[in-house]
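**Student:** File name run.cif; file contents mmCIF, C-alpha atoms; full text below.
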```
data_data
#
loop_
_atom_site.label_atom_id
_atom_site.label_comp_id
_atom_site.auth_asym_id
_atom_site.auth_seq_id
_atom_site.Cartn_x
_atom_site.Cartn_y
_atom_site.Cartn_z
CA MET G 387 -26.43 18.00 -6.58
CA LYS G 388 -24.08 15.50 -8.17
CA ASP G 389 -24.00 11.90 -7.05
CA LYS G 390 -20.81 10.72 -5.46
CA LYS G 391 -19.02 7.95 -7.33
CA TYR G 392 -15.73 6.13 -7.43
CA SER G 393 -13.04 7.40 -9.78
CA TRP G 394 -9.90 5.78 -11.07
CA ILE G 395 -8.00 7.22 -8.09
CA SER G 396 -10.07 5.20 -5.59
CA PHE G 397 -9.86 2.04 -7.65
CA THR G 398 -6.10 2.44 -8.10
CA SER G 399 -5.45 3.08 -4.41
CA PHE G 400 -7.55 0.06 -3.47
CA GLY G 401 -5.92 -2.14 -6.12
CA LEU G 402 -2.43 -1.14 -5.03
CA GLY G 403 -3.42 -1.80 -1.41
CA VAL G 404 -4.54 -5.32 -2.32
CA PHE G 405 -1.30 -5.81 -4.27
CA LEU G 406 0.71 -4.70 -1.23
CA ILE G 407 -1.11 -7.15 1.02
CA LEU G 408 -0.40 -9.97 -1.48
CA HIS G 409 3.18 -8.76 -1.81
CA PRO G 410 4.77 -11.26 0.63
CA LEU G 411 3.50 -14.15 -1.49
CA LEU G 412 4.92 -12.61 -4.65
CA THR G 413 8.23 -11.86 -2.97
CA ASN G 414 8.80 -15.57 -2.38
CA ILE G 415 8.42 -16.20 -6.12
CA TYR G 416 10.42 -13.21 -7.49
CA PRO G 417 12.41 -11.75 -4.55
CA LYS G 418 14.59 -9.05 -6.13
CA PHE G 419 11.93 -7.47 -8.33
CA PHE G 420 9.21 -7.05 -5.72
CA MET G 421 11.32 -5.61 -2.90
CA VAL G 422 11.74 -2.30 -4.75
CA ILE G 423 8.07 -2.22 -5.78
CA GLN G 424 6.94 -2.49 -2.15
CA TYR G 425 8.34 0.88 -1.09
CA ILE G 426 7.18 2.64 -4.27
CA GLY G 427 3.74 1.03 -3.94
CA ILE G 428 3.28 2.11 -0.32
CA THR G 429 4.13 5.72 -1.18
CA VAL G 430 1.90 5.84 -4.27
CA THR G 431 -1.01 4.19 -2.45
CA ILE G 432 -0.88 6.66 0.43
CA ILE G 433 -0.70 9.64 -1.95
CA LEU G 434 -3.61 8.40 -4.10
CA SER G 435 -5.72 7.58 -1.04
CA VAL G 436 -5.22 11.04 0.43
CA ILE G 437 -6.09 12.68 -2.92
CA ALA G 438 -9.25 10.55 -3.17
CA LEU G 439 -10.22 11.41 0.39
CA LEU G 440 -9.87 15.13 -0.31
CA LYS G 441 -12.03 15.10 -3.45
CA LYS G 442 -15.59 16.29 -2.87
CA ASN G 443 -17.44 14.10 -5.43
CA GLU G 444 -15.69 10.89 -4.43
CA LYS G 445 -17.03 7.96 -2.44
CA LYS G 446 -14.63 7.31 0.40
CA PRO G 447 -14.72 3.55 1.31
CA LEU G 448 -12.24 2.31 -1.32
CA ALA G 449 -9.79 5.11 -0.55
CA ILE G 450 -10.03 4.38 3.18
CA LEU G 451 -9.42 0.66 2.63
CA GLY G 452 -6.46 1.42 0.36
CA LEU G 453 -4.99 3.75 2.96
CA ILE G 454 -5.46 1.18 5.75
CA MET G 455 -3.77 -1.55 3.69
CA ALA G 456 -0.86 0.79 2.85
CA ILE G 457 -0.39 1.69 6.51
CA ILE G 458 -0.46 -2.00 7.50
CA MET G 459 2.22 -2.78 4.94
CA MET G 460 4.26 0.27 5.99
CA ILE G 461 4.26 -1.02 9.57
CA PHE G 462 5.10 -4.52 8.35
CA ALA G 463 8.02 -3.23 6.23
CA GLY G 464 9.24 -1.09 9.13
CA ILE G 465 9.24 -4.06 11.47
CA LEU G 466 11.15 -6.16 8.94
CA LEU G 467 13.71 -3.39 8.45
CA TYR G 468 14.10 -3.01 12.22
CA ILE G 469 14.67 -6.73 12.64
CA SER G 470 17.18 -6.92 9.79
CA PHE G 471 19.22 -3.91 11.03
CA ASN G 472 19.04 -4.86 14.69
CA LYS G 473 22.37 -5.61 16.33
CA TYR G 474 21.20 -8.98 17.64
CA SER G 475 19.45 -10.10 14.48
CA PRO G 476 20.32 -13.62 13.24
CA TYR G 477 20.08 -12.42 9.61
#
```
Would you kindly transcribe this structure into structure tokens?

**Tutor:**
Amino acid sequence: MKDKKYSWISFTSFGLGVFLILHPLLTNIYPKFFMVIQYIGITVTIILSVIALLKKNEKKPLAILGLIMAIIMMIFAGILLYISFNKYSPY
């Protein structure tokens, strides 16, 4: 029986999840560049996390954490989009 281990997919999904959580700080420094990366990063992180979760020889904790961070940022981005497109928004 093979030992389960982390692959590059788990590390990438976790790393992108951490990047997405730090994204609001980076957006204040370089606003135009990082707004596009947020939506691409959320999609890629969710896809990589699901692939890592479906692999049999893969440890799951990093993929789960990456998926949780991507979902948190997806909710955060959705709330910000709702506020900005709301009829009564001051922005």

**Student:** What lies within 12 Å of G:Ile437 using all atoms listed in the file, ignoring chain neighbours under 5 positions off, as number ranges by chain?

**Tutor:** G: 393-396, 398-399, 430-432, 442-446, 449-450, 452-453

**Student:** Work out how far atom CA of G:Val404 is from atom CA of G:Pro447, in Å to one decimal.

**Tutor:**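 Between these atoms lies a distance of 14.0 Å.
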
**Student:** Can you tell me, as a list in words, what residues are no more than 12 Å from G:Tyr425 when counting all atoms listed in the file, ignoring any on the same chain fewer than 2 positions away?

**Tutor:**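 Those residues are Leu402, Leu406, His409, Phe419, Phe420, Met421, Val422, Ile423, Gly427, Ile428, Thr429, Val430, Thr431, Ile432, Ala456, Ile457, Met459, Met460, Ile461, Phe462, Ala463, Gly464 and Leu467 of chain G.
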
**Student:** Quick one, how far is atom CA of G:Ala438 from atom CA of G:Pro410?

**Tutor:**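 Spanning atom CA of G:Ala438 to atom CA of G:Pro410 is a straight-line distance of 26.2 Å.
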
**Student:** Determine the nearest neighbour of G:Gly401 from the options G:Leu448, G:Val436, G:Ile458, G:Ile426, counting only C-alpha atoms.

**Tutor:**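 Using only C-alpha atoms, the shortest distance to G:Gly401 belongs to G:Leu448.
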
**Student:** To one decimal in Å, tell me the separation between atom CA of G:Ile433 and atom CA of G:Phe405.

**Tutor:** 15.6 Å

**Student:** Pick out the closest residue to G:Gly403 from this set: G:Leu434, G:Lys391, G:Lys441, G:Ile465. Count all atoms listed in the file.

**Tutor:**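 Residue with the minimum atom-to-atom distance to G:Gly403: G:Leu434.
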
**Student:** Counting only C-alpha atoms, which residue out of G:Leu466, G:Asn414, G:Phe400, G:Leu408 sits closest to G:Ile454?

**Tutor:** G:Phe400
